>>> print(open('final_22.cif').read())   # mmCIF, C-alpha atoms and all ligand atoms; chains and numbers go by the auth columns
data_protein
#
loop_
_atom_site.group_PDB
_atom_site.id
_atom_site.type_symbol
_atom_site.label_atom_id
_atom_site.label_comp_id
_atom_site.label_asym_id
_atom_site.label_seq_id
_atom_site.Cartn_x
_atom_site.Cartn_y
_atom_site.Cartn_z
_atom_site.B_iso_or_equiv
_atom_site.auth_seq_id
_atom_site.auth_asym_id
ATOM 1 C CA PHE A 1 1.316 -16.483 -21.067 0.00 1 A
ATOM 2 C CA ARG A 2 -1.606 -14.050 -20.889 0.00 2 A
ATOM 3 C CA THR A 3 -1.460 -11.682 -17.936 0.00 3 A
ATOM 4 C CA ALA A 4 -4.291 -9.592 -16.425 0.00 4 A
ATOM 5 C CA ALA A 5 -4.233 -7.110 -13.557 0.00 5 A
ATOM 6 C CA VAL A 6 -7.101 -6.736 -11.072 0.00 6 A
ATOM 7 C CA ILE A 7 -7.149 -3.385 -9.258 0.00 7 A
ATOM 8 C CA PRO A 8 -9.339 -3.265 -6.126 0.00 8 A
ATOM 9 C CA ALA A 9 -10.376 0.388 -5.863 0.00 9 A
ATOM 10 C CA ALA A 10 -13.628 0.133 -3.914 0.00 10 A
ATOM 11 C CA GLY A 11 -12.377 1.285 -0.508 0.00 11 A
ATOM 12 C CA ARG A 12 -13.631 4.441 1.174 0.00 12 A
ATOM 13 C CA GLY A 13 -10.212 5.573 2.358 0.00 13 A
ATOM 14 C CA VAL A 14 -11.445 6.633 5.795 0.00 14 A
ATOM 15 C CA ARG A 15 -7.878 7.084 7.177 0.00 15 A
ATOM 16 C CA LEU A 16 -7.182 9.674 4.485 0.00 16 A
ATOM 17 C CA GLY A 17 -9.859 11.992 5.931 0.00 17 A
ATOM 18 C CA PRO A 18 -13.286 13.044 4.587 0.00 18 A
ATOM 19 C CA GLY A 19 -13.892 13.251 0.813 0.00 19 A
ATOM 20 C CA ALA A 20 -14.294 11.089 -2.292 0.00 20 A
ATOM 21 C CA PRO A 21 -13.388 7.356 -2.279 0.00 21 A
ATOM 22 C CA LYS A 22 -9.602 7.157 -1.941 0.00 22 A
ATOM 23 C CA ALA A 23 -8.916 5.848 -5.449 0.00 23 A
ATOM 24 C CA LEU A 24 -10.764 8.794 -7.014 0.00 24 A
ATOM 25 C CA ARG A 25 -8.783 11.484 -5.200 0.00 25 A
ATOM 26 C CA ALA A 26 -6.373 13.461 -7.317 0.00 26 A
ATOM 27 C CA LEU A 27 -2.579 13.318 -7.239 0.00 27 A
ATOM 28 C CA ASN A 28 -1.188 16.314 -9.114 0.00 28 A
ATOM 29 C CA GLY A 29 -4.561 16.671 -10.877 0.00 29 A
ATOM 30 C CA THR A 30 -5.008 13.025 -11.967 0.00 30 A
ATOM 31 C CA PRO A 31 -7.069 10.493 -9.944 0.00 31 A
ATOM 32 C CA MET A 32 -4.960 8.017 -7.962 0.00 32 A
ATOM 33 C CA LEU A 33 -6.758 5.167 -9.755 0.00 33 A
ATOM 34 C CA ILE A 34 -5.648 6.424 -13.192 0.00 34 A
ATOM 35 C CA HIS A 35 -2.025 6.462 -11.990 0.00 35 A
ATOM 36 C CA ALA A 36 -2.472 2.873 -10.752 0.00 36 A
ATOM 37 C CA VAL A 37 -4.096 1.739 -14.025 0.00 37 A
ATOM 38 C CA ARG A 38 -1.241 3.305 -16.020 0.00 38 A
ATOM 39 C CA ALA A 39 1.300 1.610 -13.740 0.00 39 A
ATOM 40 C CA MET A 40 -0.166 -1.813 -14.616 0.00 40 A
ATOM 41 C CA ALA A 41 -0.669 -1.052 -18.322 0.00 41 A
ATOM 42 C CA ALA A 42 2.946 0.154 -18.488 0.00 42 A
ATOM 43 C CA SER A 43 4.012 -3.497 -18.459 0.00 43 A
ATOM 44 C CA ARG A 44 3.998 -4.902 -21.995 0.00 44 A
ATOM 45 C CA ALA A 45 2.955 -8.269 -20.519 0.00 45 A
ATOM 46 C CA VAL A 46 -0.366 -6.935 -19.179 0.00 46 A
ATOM 47 C CA SER A 47 -3.110 -7.252 -21.818 0.00 47 A
ATOM 48 C CA LEU A 48 -6.155 -6.630 -19.591 0.00 48 A
ATOM 49 C CA VAL A 49 -6.827 -4.431 -16.546 0.00 49 A
ATOM 50 C CA VAL A 50 -9.955 -5.058 -14.426 0.00 50 A
ATOM 51 C CA VAL A 51 -10.836 -2.129 -12.164 0.00 51 A
ATOM 52 C CA VAL A 52 -13.054 -2.927 -9.177 0.00 52 A
ATOM 53 C CA ALA A 53 -14.950 0.324 -8.570 0.00 53 A
ATOM 54 C CA PRO A 54 -16.830 1.551 -5.494 0.00 54 A
ATOM 55 C CA PRO A 55 -20.248 -0.261 -5.583 0.00 55 A
ATOM 56 C CA ASP A 56 -22.073 2.963 -6.547 0.00 56 A
ATOM 57 C CA GLY A 57 -19.220 4.357 -8.671 0.00 57 A
ATOM 58 C CA ALA A 58 -18.786 2.005 -11.646 0.00 58 A
ATOM 59 C CA THR A 59 -20.183 4.520 -14.155 0.00 59 A
ATOM 60 C CA GLU A 60 -17.989 7.296 -12.784 0.00 60 A
ATOM 61 C CA VAL A 61 -14.919 5.049 -13.060 0.00 61 A
ATOM 62 C CA LYS A 62 -15.821 4.040 -16.645 0.00 62 A
ATOM 63 C CA ASN A 63 -16.069 7.720 -17.544 0.00 63 A
ATOM 64 C CA LEU A 64 -12.697 8.430 -15.895 0.00 64 A
ATOM 65 C CA LEU A 65 -11.000 5.678 -17.911 0.00 65 A
ATOM 66 C CA ALA A 66 -12.542 7.088 -21.096 0.00 66 A
ATOM 67 C CA GLU A 67 -11.310 10.618 -20.288 0.00 67 A
ATOM 68 C CA HIS A 68 -7.674 9.727 -19.691 0.00 68 A
ATOM 69 C CA ALA A 69 -5.091 8.584 -22.231 0.00 69 A
ATOM 70 C CA LEU A 70 -4.347 4.860 -21.762 0.00 70 A
ATOM 71 C CA PRO A 71 -2.302 2.421 -23.884 0.00 71 A
ATOM 72 C CA GLU A 72 -4.266 1.040 -26.861 0.00 72 A
ATOM 73 C CA ARG A 73 -2.769 -2.441 -26.595 0.00 73 A
ATOM 74 C CA THR A 74 -4.490 -2.964 -23.213 0.00 74 A
ATOM 75 C CA ASP A 75 -8.177 -3.795 -22.594 0.00 75 A
ATOM 76 C CA PHE A 76 -9.988 -2.222 -19.634 0.00 76 A
ATOM 77 C CA VAL A 77 -13.025 -3.571 -17.758 0.00 77 A
ATOM 78 C CA VAL A 78 -14.861 -2.010 -14.792 0.00 78 A
ATOM 79 C CA VAL A 79 -16.896 -3.997 -12.245 0.00 79 A
ATOM 80 C CA PRO A 80 -18.556 -2.888 -8.975 0.00 80 A
ATOM 81 C CA GLY A 81 -16.789 -3.934 -5.757 0.00 81 A
ATOM 82 C CA GLY A 82 -17.885 -5.317 -2.396 0.00 82 A
ATOM 83 C CA ASP A 83 -17.772 -4.660 1.344 0.00 83 A
ATOM 84 C CA SER A 84 -14.247 -5.962 1.915 0.00 84 A
ATOM 85 C CA ARG A 85 -11.062 -5.875 -0.138 0.00 85 A
ATOM 86 C CA GLN A 86 -11.241 -9.680 -0.374 0.00 86 A
ATOM 87 C CA GLU A 87 -14.784 -9.525 -1.782 0.00 87 A
ATOM 88 C CA SER A 88 -13.747 -6.814 -4.247 0.00 88 A
ATOM 89 C CA VAL A 89 -10.848 -8.954 -5.523 0.00 89 A
ATOM 90 C CA ARG A 90 -13.179 -11.964 -5.864 0.00 90 A
ATOM 91 C CA LEU A 91 -15.580 -9.874 -7.984 0.00 91 A
ATOM 92 C CA GLY A 92 -12.644 -8.728 -10.119 0.00 92 A
ATOM 93 C CA LEU A 93 -11.459 -12.307 -10.670 0.00 93 A
ATOM 94 C CA ALA A 94 -14.999 -13.302 -11.716 0.00 94 A
ATOM 95 C CA ALA A 95 -14.762 -10.798 -14.585 0.00 95 A
ATOM 96 C CA LEU A 96 -11.643 -12.380 -16.138 0.00 96 A
ATOM 97 C CA PRO A 97 -12.116 -14.035 -19.544 0.00 97 A
ATOM 98 C CA PRO A 98 -10.861 -17.585 -20.211 0.00 98 A
ATOM 99 C CA GLY A 99 -7.218 -17.970 -21.168 0.00 99 A
ATOM 100 C CA ILE A 100 -5.599 -15.779 -18.489 0.00 100 A
ATOM 101 C CA ASP A 101 -2.604 -17.613 -16.995 0.00 101 A
ATOM 102 C CA VAL A 102 -1.120 -14.967 -14.704 0.00 102 A
ATOM 103 C CA VAL A 103 -3.070 -12.545 -12.493 0.00 103 A
ATOM 104 C CA LEU A 104 -1.704 -9.483 -10.734 0.00 104 A
ATOM 105 C CA VAL A 105 -3.664 -7.968 -7.862 0.00 105 A
ATOM 106 C CA HIS A 106 -2.706 -4.349 -7.332 0.00 106 A
ATOM 107 C CA ASP A 107 -4.060 -1.817 -4.825 0.00 107 A
ATOM 108 C CA ALA A 108 -5.319 1.408 -6.388 0.00 108 A
ATOM 109 C CA ALA A 109 -3.767 2.905 -3.264 0.00 109 A
ATOM 110 C CA ARG A 110 -0.248 2.166 -4.624 0.00 110 A
ATOM 111 C CA PRO A 111 -0.378 4.453 -7.663 0.00 111 A
ATOM 112 C CA LEU A 112 3.364 4.928 -8.208 0.00 112 A
ATOM 113 C CA VAL A 113 4.777 1.399 -8.420 0.00 113 A
ATOM 114 C CA PRO A 114 7.518 1.372 -11.109 0.00 114 A
ATOM 115 C CA VAL A 115 7.113 -0.908 -14.145 0.00 115 A
ATOM 116 C CA ASP A 116 10.325 -2.780 -13.318 0.00 116 A
ATOM 117 C CA THR A 117 8.718 -4.025 -10.096 0.00 117 A
ATOM 118 C CA VAL A 118 5.578 -5.106 -12.002 0.00 118 A
ATOM 119 C CA ASP A 119 7.699 -6.982 -14.552 0.00 119 A
ATOM 120 C CA ALA A 120 9.801 -8.680 -11.845 0.00 120 A
ATOM 121 C CA VAL A 121 6.630 -10.054 -10.207 0.00 121 A
ATOM 122 C CA ILE A 122 5.263 -11.341 -13.541 0.00 122 A
ATOM 123 C CA GLU A 123 8.592 -12.956 -14.410 0.00 123 A
ATOM 124 C CA ALA A 124 8.763 -14.847 -11.107 0.00 124 A
ATOM 125 C CA VAL A 125 5.249 -16.265 -11.692 0.00 125 A
ATOM 126 C CA ARG A 126 6.207 -17.237 -15.253 0.00 126 A
ATOM 127 C CA ASP A 127 9.255 -18.983 -13.790 0.00 127 A
ATOM 128 C CA GLY A 128 6.922 -21.252 -11.816 0.00 128 A
ATOM 129 C CA ALA A 129 6.083 -19.631 -8.465 0.00 129 A
ATOM 130 C CA PRO A 130 2.338 -19.983 -7.651 0.00 130 A
ATOM 131 C CA ALA A 131 2.423 -16.676 -5.738 0.00 131 A
ATOM 132 C CA VAL A 132 4.881 -13.759 -5.711 0.00 132 A
ATOM 133 C CA VAL A 133 4.950 -10.664 -3.504 0.00 133 A
ATOM 134 C CA PRO A 134 7.179 -7.589 -3.781 0.00 134 A
ATOM 135 C CA ALA A 135 8.500 -6.632 -0.358 0.00 135 A
ATOM 136 C CA LEU A 136 11.045 -4.440 1.427 0.00 136 A
ATOM 137 C CA PRO A 137 12.999 -4.781 4.688 0.00 137 A
ATOM 138 C CA LEU A 138 11.579 -2.739 7.567 0.00 138 A
ATOM 139 C CA ALA A 139 13.077 0.540 8.765 0.00 139 A
ATOM 140 C CA ASP A 140 11.194 0.414 12.080 0.00 140 A
ATOM 141 C CA THR A 141 11.505 -2.199 14.794 0.00 141 A
ATOM 142 C CA VAL A 142 8.133 -3.960 15.159 0.00 142 A
ATOM 143 C CA LYS A 143 6.576 -5.011 18.460 0.00 143 A
ATOM 144 C CA GLU A 144 3.675 -7.318 19.109 0.00 144 A
ATOM 145 C CA VAL A 145 1.389 -5.822 21.768 0.00 145 A
ATOM 146 C CA GLU A 146 -1.754 -6.637 23.696 0.00 146 A
ATOM 147 C CA PRO A 147 -4.076 -4.179 21.889 0.00 147 A
ATOM 148 C CA HIS A 148 -6.084 -1.765 24.072 0.00 148 A
ATOM 149 C CA THR A 149 -9.010 0.186 22.674 0.00 149 A
ATOM 150 C CA ASP A 150 -9.395 2.472 25.720 0.00 150 A
ATOM 151 C CA GLY A 151 -6.216 4.491 25.116 0.00 151 A
ATOM 152 C CA THR A 152 -4.287 3.083 28.112 0.00 152 A
ATOM 153 C CA PRO A 153 -0.645 2.023 27.453 0.00 153 A
ATOM 154 C CA GLU A 154 -0.448 -1.330 25.631 0.00 154 A
ATOM 155 C CA PRO A 155 1.875 -4.008 27.084 0.00 155 A
ATOM 156 C CA VAL A 156 4.548 -5.361 24.721 0.00 156 A
ATOM 157 C CA LEU A 157 4.394 -9.134 24.218 0.00 157 A
ATOM 158 C CA ALA A 158 7.308 -9.731 21.847 0.00 158 A
ATOM 159 C CA THR A 159 9.855 -8.149 19.493 0.00 159 A
ATOM 160 C CA PRO A 160 10.243 -10.240 16.322 0.00 160 A
ATOM 161 C CA ASP A 161 13.730 -10.304 14.775 0.00 161 A
ATOM 162 C CA ARG A 162 13.551 -7.391 12.307 0.00 162 A
ATOM 163 C CA SER A 163 15.990 -8.963 9.859 0.00 163 A
ATOM 164 C CA ARG A 164 13.434 -11.724 9.177 0.00 164 A
ATOM 165 C CA LEU A 165 10.493 -9.353 8.524 0.00 165 A
ATOM 166 C CA ARG A 166 9.424 -7.763 5.228 0.00 166 A
ATOM 167 C CA ALA A 167 6.822 -5.103 4.448 0.00 167 A
ATOM 168 C CA VAL A 168 4.703 -6.452 1.606 0.00 168 A
ATOM 169 C CA GLN A 169 3.492 -4.369 -1.335 0.00 169 A
ATOM 170 C CA THR A 170 1.524 -4.925 -4.532 0.00 170 A
ATOM 171 C CA PRO A 171 1.200 -5.957 -7.336 0.00 171 A
ATOM 172 C CA GLN A 172 1.128 -9.486 -5.989 0.00 172 A
ATOM 173 C CA GLY A 173 1.330 -12.032 -8.801 0.00 173 A
ATOM 174 C CA PHE A 174 -0.354 -15.424 -9.050 0.00 174 A
ATOM 175 C CA ASP A 175 -0.892 -18.445 -11.157 0.00 175 A
ATOM 176 C CA HIS A 176 -4.548 -17.752 -12.087 0.00 176 A
ATOM 177 C CA ALA A 177 -5.892 -21.208 -11.175 0.00 177 A
ATOM 178 C CA THR A 178 -4.167 -21.066 -7.773 0.00 178 A
ATOM 179 C CA LEU A 179 -5.586 -17.651 -6.873 0.00 179 A
ATOM 180 C CA ALA A 180 -9.072 -18.668 -8.042 0.00 180 A
ATOM 181 C CA ARG A 181 -8.888 -21.773 -5.823 0.00 181 A
ATOM 182 C CA ALA A 182 -7.693 -19.682 -2.866 0.00 182 A
ATOM 183 C CA HIS A 183 -10.626 -17.289 -3.234 0.00 183 A
ATOM 184 C CA GLU A 184 -13.080 -20.207 -3.463 0.00 184 A
ATOM 185 C CA SER A 185 -11.808 -22.097 -0.427 0.00 185 A
ATOM 186 C CA VAL A 186 -10.239 -19.680 2.069 0.00 186 A
ATOM 187 C CA THR A 187 -12.621 -17.946 4.470 0.00 187 A
ATOM 188 C CA GLY A 188 -11.969 -15.340 7.153 0.00 188 A
ATOM 189 C CA GLU A 189 -10.473 -11.889 6.918 0.00 189 A
ATOM 190 C CA VAL A 190 -7.089 -11.459 5.260 0.00 190 A
ATOM 191 C CA THR A 191 -5.144 -8.283 4.455 0.00 191 A
ATOM 192 C CA ASP A 192 -3.479 -9.545 1.300 0.00 192 A
ATOM 193 C CA ASP A 193 -4.069 -12.176 -1.378 0.00 193 A
ATOM 194 C CA ALA A 194 -0.822 -14.084 -0.920 0.00 194 A
ATOM 195 C CA SER A 195 -1.818 -15.050 2.633 0.00 195 A
ATOM 196 C CA MET A 196 -4.779 -16.951 1.132 0.00 196 A
ATOM 197 C CA VAL A 197 -2.361 -18.974 -0.994 0.00 197 A
ATOM 198 C CA GLU A 198 -0.210 -19.572 2.120 0.00 198 A
ATOM 199 C CA ARG A 199 -3.299 -21.029 3.803 0.00 199 A
ATOM 200 C CA LEU A 200 -3.582 -23.531 0.942 0.00 200 A
ATOM 201 C CA GLY A 201 -0.105 -24.679 1.989 0.00 201 A
ATOM 202 C CA LEU A 202 1.533 -23.438 -1.220 0.00 202 A
ATOM 203 C CA LYS A 203 4.825 -21.602 -1.502 0.00 203 A
ATOM 204 C CA VAL A 204 4.803 -17.805 -1.720 0.00 204 A
ATOM 205 C CA VAL A 205 8.053 -16.094 -2.693 0.00 205 A
ATOM 206 C CA VAL A 206 9.313 -12.527 -2.304 0.00 206 A
ATOM 207 C CA VAL A 207 10.974 -10.350 -4.944 0.00 207 A
ATOM 208 C CA PRO A 208 12.440 -6.903 -4.182 0.00 208 A
ATOM 209 C CA GLY A 209 9.781 -4.213 -3.751 0.00 209 A
ATOM 210 C CA HIS A 210 10.322 -0.503 -4.380 0.00 210 A
ATOM 211 C CA GLU A 211 10.079 2.508 -2.085 0.00 211 A
ATOM 212 C CA GLU A 212 7.802 4.257 -4.615 0.00 212 A
ATOM 213 C CA ALA A 213 5.277 1.394 -4.320 0.00 213 A
ATOM 214 C CA PHE A 214 4.214 2.702 -0.876 0.00 214 A
ATOM 215 C CA LYS A 215 0.514 2.691 -0.005 0.00 215 A
ATOM 216 C CA VAL A 216 -1.290 6.027 0.119 0.00 216 A
ATOM 217 C CA THR A 217 -3.144 5.672 3.405 0.00 217 A
ATOM 218 C CA ARG A 218 -2.819 8.857 5.465 0.00 218 A
ATOM 219 C CA PRO A 219 -2.750 12.563 4.513 0.00 219 A
ATOM 220 C CA LEU A 220 1.084 12.691 4.683 0.00 220 A
ATOM 221 C CA ASP A 221 1.248 9.956 2.008 0.00 221 A
ATOM 222 C CA LEU A 222 -0.509 12.327 -0.434 0.00 222 A
ATOM 223 C CA VAL A 223 2.259 14.888 0.119 0.00 223 A
ATOM 224 C CA LEU A 224 4.921 12.228 -0.528 0.00 224 A
ATOM 225 C CA ALA A 225 3.138 10.895 -3.635 0.00 225 A
ATOM 226 C CA GLU A 226 2.865 14.364 -5.184 0.00 226 A
ATOM 227 C CA ALA A 227 6.552 14.992 -4.433 0.00 227 A
ATOM 228 C CA VAL A 228 7.506 11.721 -6.185 0.00 228 A
ATOM 229 C CA LEU A 229 5.436 12.712 -9.245 0.00 229 A
ATOM 230 C CA ALA A 230 7.029 16.182 -9.316 0.00 230 A
ATOM 231 C CA ARG A 231 10.505 14.595 -9.132 0.00 231 A
ATOM 232 C CA ARG A 232 9.667 12.258 -12.044 0.00 232 A
ATOM 233 C CA ARG A 233 8.628 15.223 -14.190 0.00 233 A
ATOM 234 C CA ALA A 234 11.721 17.247 -13.293 0.00 234 A
HETATM 235 O O1 LIG B . -8.016 -0.216 3.032 0.00 1 B
HETATM 236 P P1 LIG B . -6.768 -0.622 2.315 0.00 1 B
HETATM 237 O O2 LIG B . -5.798 0.539 2.152 0.00 1 B
HETATM 238 O O3 LIG B . -6.103 -1.863 2.825 0.00 1 B
HETATM 239 O O4 LIG B . -7.265 -0.962 0.838 0.00 1 B
HETATM 240 C C1 LIG B . -6.391 -1.521 -0.100 0.00 1 B
HETATM 241 C C2 LIG B . -7.058 -1.498 -1.458 0.00 1 B
HETATM 242 O O5 LIG B . -8.248 -2.297 -1.432 0.00 1 B
HETATM 243 C C3 LIG B . -7.463 -0.090 -1.899 0.00 1 B
HETATM 244 O O6 LIG B . -7.050 0.083 -3.262 0.00 1 B
HETATM 245 C C4 LIG B . -8.979 -0.100 -1.731 0.00 1 B
HETATM 246 O O7 LIG B . -9.652 0.738 -2.658 0.00 1 B
HETATM 247 C C5 LIG B . -9.332 -1.560 -1.983 0.00 1 B
HETATM 248 N N1 LIG B . -10.606 -1.971 -1.351 0.00 1 B
HETATM 249 C C6 LIG B . -11.635 -2.482 -2.153 0.00 1 B
HETATM 250 N N2 LIG B . -12.844 -2.836 -1.592 0.00 1 B
HETATM 251 C C7 LIG B . -13.057 -2.671 -0.264 0.00 1 B
HETATM 252 C C8 LIG B . -12.020 -2.170 0.574 0.00 1 B
HETATM 253 C C9 LIG B . -10.796 -1.829 0.006 0.00 1 B
HETATM 254 O O8 LIG B . -11.462 -2.613 -3.360 0.00 1 B
HETATM 255 N N3 LIG B . -14.255 -2.993 0.215 0.00 1 B
#
>>> encode(input="final_22.cif", output="structure tokens")
Amino acid sequence: FRTAAVIPAAGRGVRLGPGAPKALRALNGTPMLIHAVRAMAASRAVSLVVVVAPPDGATEVKNLLAEHALPERTDFVVVPGGDSRQESVRLGLAALPPGIDVVLVHDAARPLVPVDTVDAVIEAVRDGAPAVVPALPLADTVKEVEPHTDGTPEPVLATPDRSRLRAVQTPQGFDHATLARAHESVTGEVTDDASMVERLGLKVVVVPGHEEAFKVTRPLDLVLAEAVLARRRA
């Protein structure tokens, strides 16, 4: 099996507040994207990492990869991204060479995912699952509401049984041919890649996620991420 990781890193990160694109912001002095690239390259199975850069930032990202120490056994490629995460992933997949059997798609915004989680996803794909997602049970109860944009209280429509819900992380792992087919044939907005494979009617399975694979979305997440890094160094 040859395994590649595609890292969509082209988002602006608006919810994080004003500043550089999210993936280029520093965590304890190192850009979030470099942490994410190292997290993928930490798996001995991953031989290639494709970084999907902000459309106007491919040169900057290439320079960043050159400046930081990365494993020599891994190849790195940078391509410019698109307007949506889905488009960015599609552009990353288009840059894969022939002969890749397993593809991971990993958000640059999840810089701290442990290598054991990465390896568990790869192993489940190698064992025959067309699509694999790491996920955790929810701490919060979730309610479906009638969304209001005017700030008035939103009516609750339903409360799904929490024990049947999972919060999904990345890297998500795929049989390469299956993911390529999903990106060719599924249209409409999605928030993760596995849901495109679900729409093809194929089975997606869950493996245990990890609390350190959380997504850096809001300012508080930066505080948490830096605390996790400090704890690792201690
Ligand atoms: O916005 P969200 O947090 O869901 O983004 C998830 C990942 O997708 C981030 O790593 C972000 O950089 C990436 N993304 C992208 N291209 C876009 C939008 C988001 O690569 N146009």
>>> closest_residue(input="final_22.cif", among="A:Val115, A:Ala23, A:Ala9, A:Leu16", to="Met40 of chain A", atoms="all atoms listed in the file")
A:Val115
>>> residues_near_ligand(input="final_22.cif", ligand="ligand LIG 1 (chain B)", cutoff="8 Å", atoms="all atoms listed in the file", output="PyMOL selection string")
chain A and resi 7-13+21-23+52-54+81-89+106-110+191+215-217
>>> closest_residue(input="final_22.cif", among="A:Val206, A:Leu104, A:Ala124, A:Val186", to="Val46 of chain A", atoms="all atoms listed in the file")
A:Leu104
>>> closest_residue(input="final_22.cif", among="A:Ala20, A:Leu112, A:Ala5, A:Ala94", to="Ala227 of chain A", atoms="all atoms listed in the file")
A:Leu112
>>> axis_aligned_box(input="final_22.cif", around="segment 136-152 of chain A", padding_each_side="6 Å", output="JSON")
{"center_x": 1.8, "center_y": -1.4, "center_z": 14.8, "size_x": 34.5, "size_y": 23.8, "size_z": 38.7}
>>> resolve_selection(input="final_22.cif", expression="the PyMOL selection byres (((chain A and resi 118) around 10) and not hetatm)", output="ChimeraX atom specification")
/A:39-43,45-46,104,106,113-117,119-123,134,170-173,209
>>> resolve_selection(input="final_22.cif", expression="the PyMOL selection byres (((chain A and resi 160-167) around 9) and not hetatm)", output="MDAnalysis selection string")
chainID A and resid 134:144 158:159 168:169 206 209
>>> residues_around(input="final_22.cif", residues="Ala26 of chain A", least_positions_apart="6", cutoff="10 Å", atoms="all atoms listed in the file", output="PyMOL selection string")
chain A and resi 20+32-35+222+226
>>> write_last_selection(input="final_22.cif", atoms="C-alpha atoms", output="PDB file, keeping the file's coordinate frame")
ATOM      1  CA  ALA A  20     -14.294  11.089  -2.292  1.00  0.00           C
ATOM      2  CA  MET A  32      -4.960   8.017  -7.962  1.00  0.00           C
ATOM      3  CA  LEU A  33      -6.758   5.167  -9.755  1.00  0.00           C
ATOM      4  CA  ILE A  34      -5.648   6.424 -13.192  1.00  0.00           C
ATOM      5  CA  HIS A  35      -2.025   6.462 -11.990  1.00  0.00           C
ATOM      6  CA  LEU A 222      -0.509  12.327  -0.434  1.00  0.00           C
ATOM      7  CA  GLU A 226       2.865  14.364  -5.184  1.00  0.00           C
TER       8      GLU A 226
END
>>> resolve_selection(input="final_22.cif", expression="the PyMOL selection byres (((chain A and resi 50) around 10) and not hetatm)", output="ChimeraX atom specification")
/A:4-8,37,48-49,51-53,75-79,89,91-93,95-96,105
>>> write_last_selection(input="final_22.cif", atoms="C-alpha atoms", output="mmCIF file, in the frame of the given file")
data_model
loop_
_atom_site.group_PDB
_atom_site.id
_atom_site.type_symbol
_atom_site.label_atom_id
_atom_site.label_comp_id
_atom_site.auth_asym_id
_atom_site.auth_seq_id
_atom_site.Cartn_x
_atom_site.Cartn_y
_atom_site.Cartn_z
ATOM 1 C CA ALA A 4 -4.291 -9.592 -16.425
ATOM 2 C CA ALA A 5 -4.233 -7.110 -13.557
ATOM 3 C CA VAL A 6 -7.101 -6.736 -11.072
ATOM 4 C CA ILE A 7 -7.149 -3.385 -9.258
ATOM 5 C CA PRO A 8 -9.339 -3.265 -6.126
ATOM 6 C CA VAL A 37 -4.096 1.739 -14.025
ATOM 7 C CA LEU A 48 -6.155 -6.630 -19.591
ATOM 8 C CA VAL A 49 -6.827 -4.431 -16.546
ATOM 9 C CA VAL A 51 -10.836 -2.129 -12.164
ATOM 10 C CA VAL A 52 -13.054 -2.927 -9.177
ATOM 11 C CA ALA A 53 -14.950 0.324 -8.570
ATOM 12 C CA ASP A 75 -8.177 -3.795 -22.594
ATOM 13 C CA PHE A 76 -9.988 -2.222 -19.634
ATOM 14 C CA VAL A 77 -13.025 -3.571 -17.758
ATOM 15 C CA VAL A 78 -14.861 -2.010 -14.792
ATOM 16 C CA VAL A 79 -16.896 -3.997 -12.245
ATOM 17 C CA VAL A 89 -10.848 -8.954 -5.523
ATOM 18 C CA LEU A 91 -15.580 -9.874 -7.984
ATOM 19 C CA GLY A 92 -12.644 -8.728 -10.119
ATOM 20 C CA LEU A 93 -11.459 -12.307 -10.670
ATOM 21 C CA ALA A 95 -14.762 -10.798 -14.585
ATOM 22 C CA LEU A 96 -11.643 -12.380 -16.138
ATOM 23 C CA VAL A 105 -3.664 -7.968 -7.862
#
>>> atom_distance(input="final_22.cif", atom1="atom CA of Glu212 of chain A", atom2="atom CA of Arg2 of chain A")
26.2 Å
>>> atom_distance(input="final_22.cif", atom1="atom CA of Leu157 of chain A", atom2="atom CA of Ser195 of chain A")
23.2 Å
>>> atom_distance(input="final_22.cif", atom1="atom CA of Leu224 of chain A", atom2="atom CA of Asp192 of chain A")
23.4 Å
>>> closest_residue(input="final_22.cif", among="A:Val125, A:Leu70, A:Leu27, A:Val14", to="Phe174 of chain A", atoms="all atoms listed in the file")
A:Val125
>>> residues_near_point(input="final_22.cif", point="(-1.9, -20.9, -13.8)", cutoff="7 Å", atoms="only C-alpha atoms", output="ChimeraX atom specification")
/A:101-102,175-178
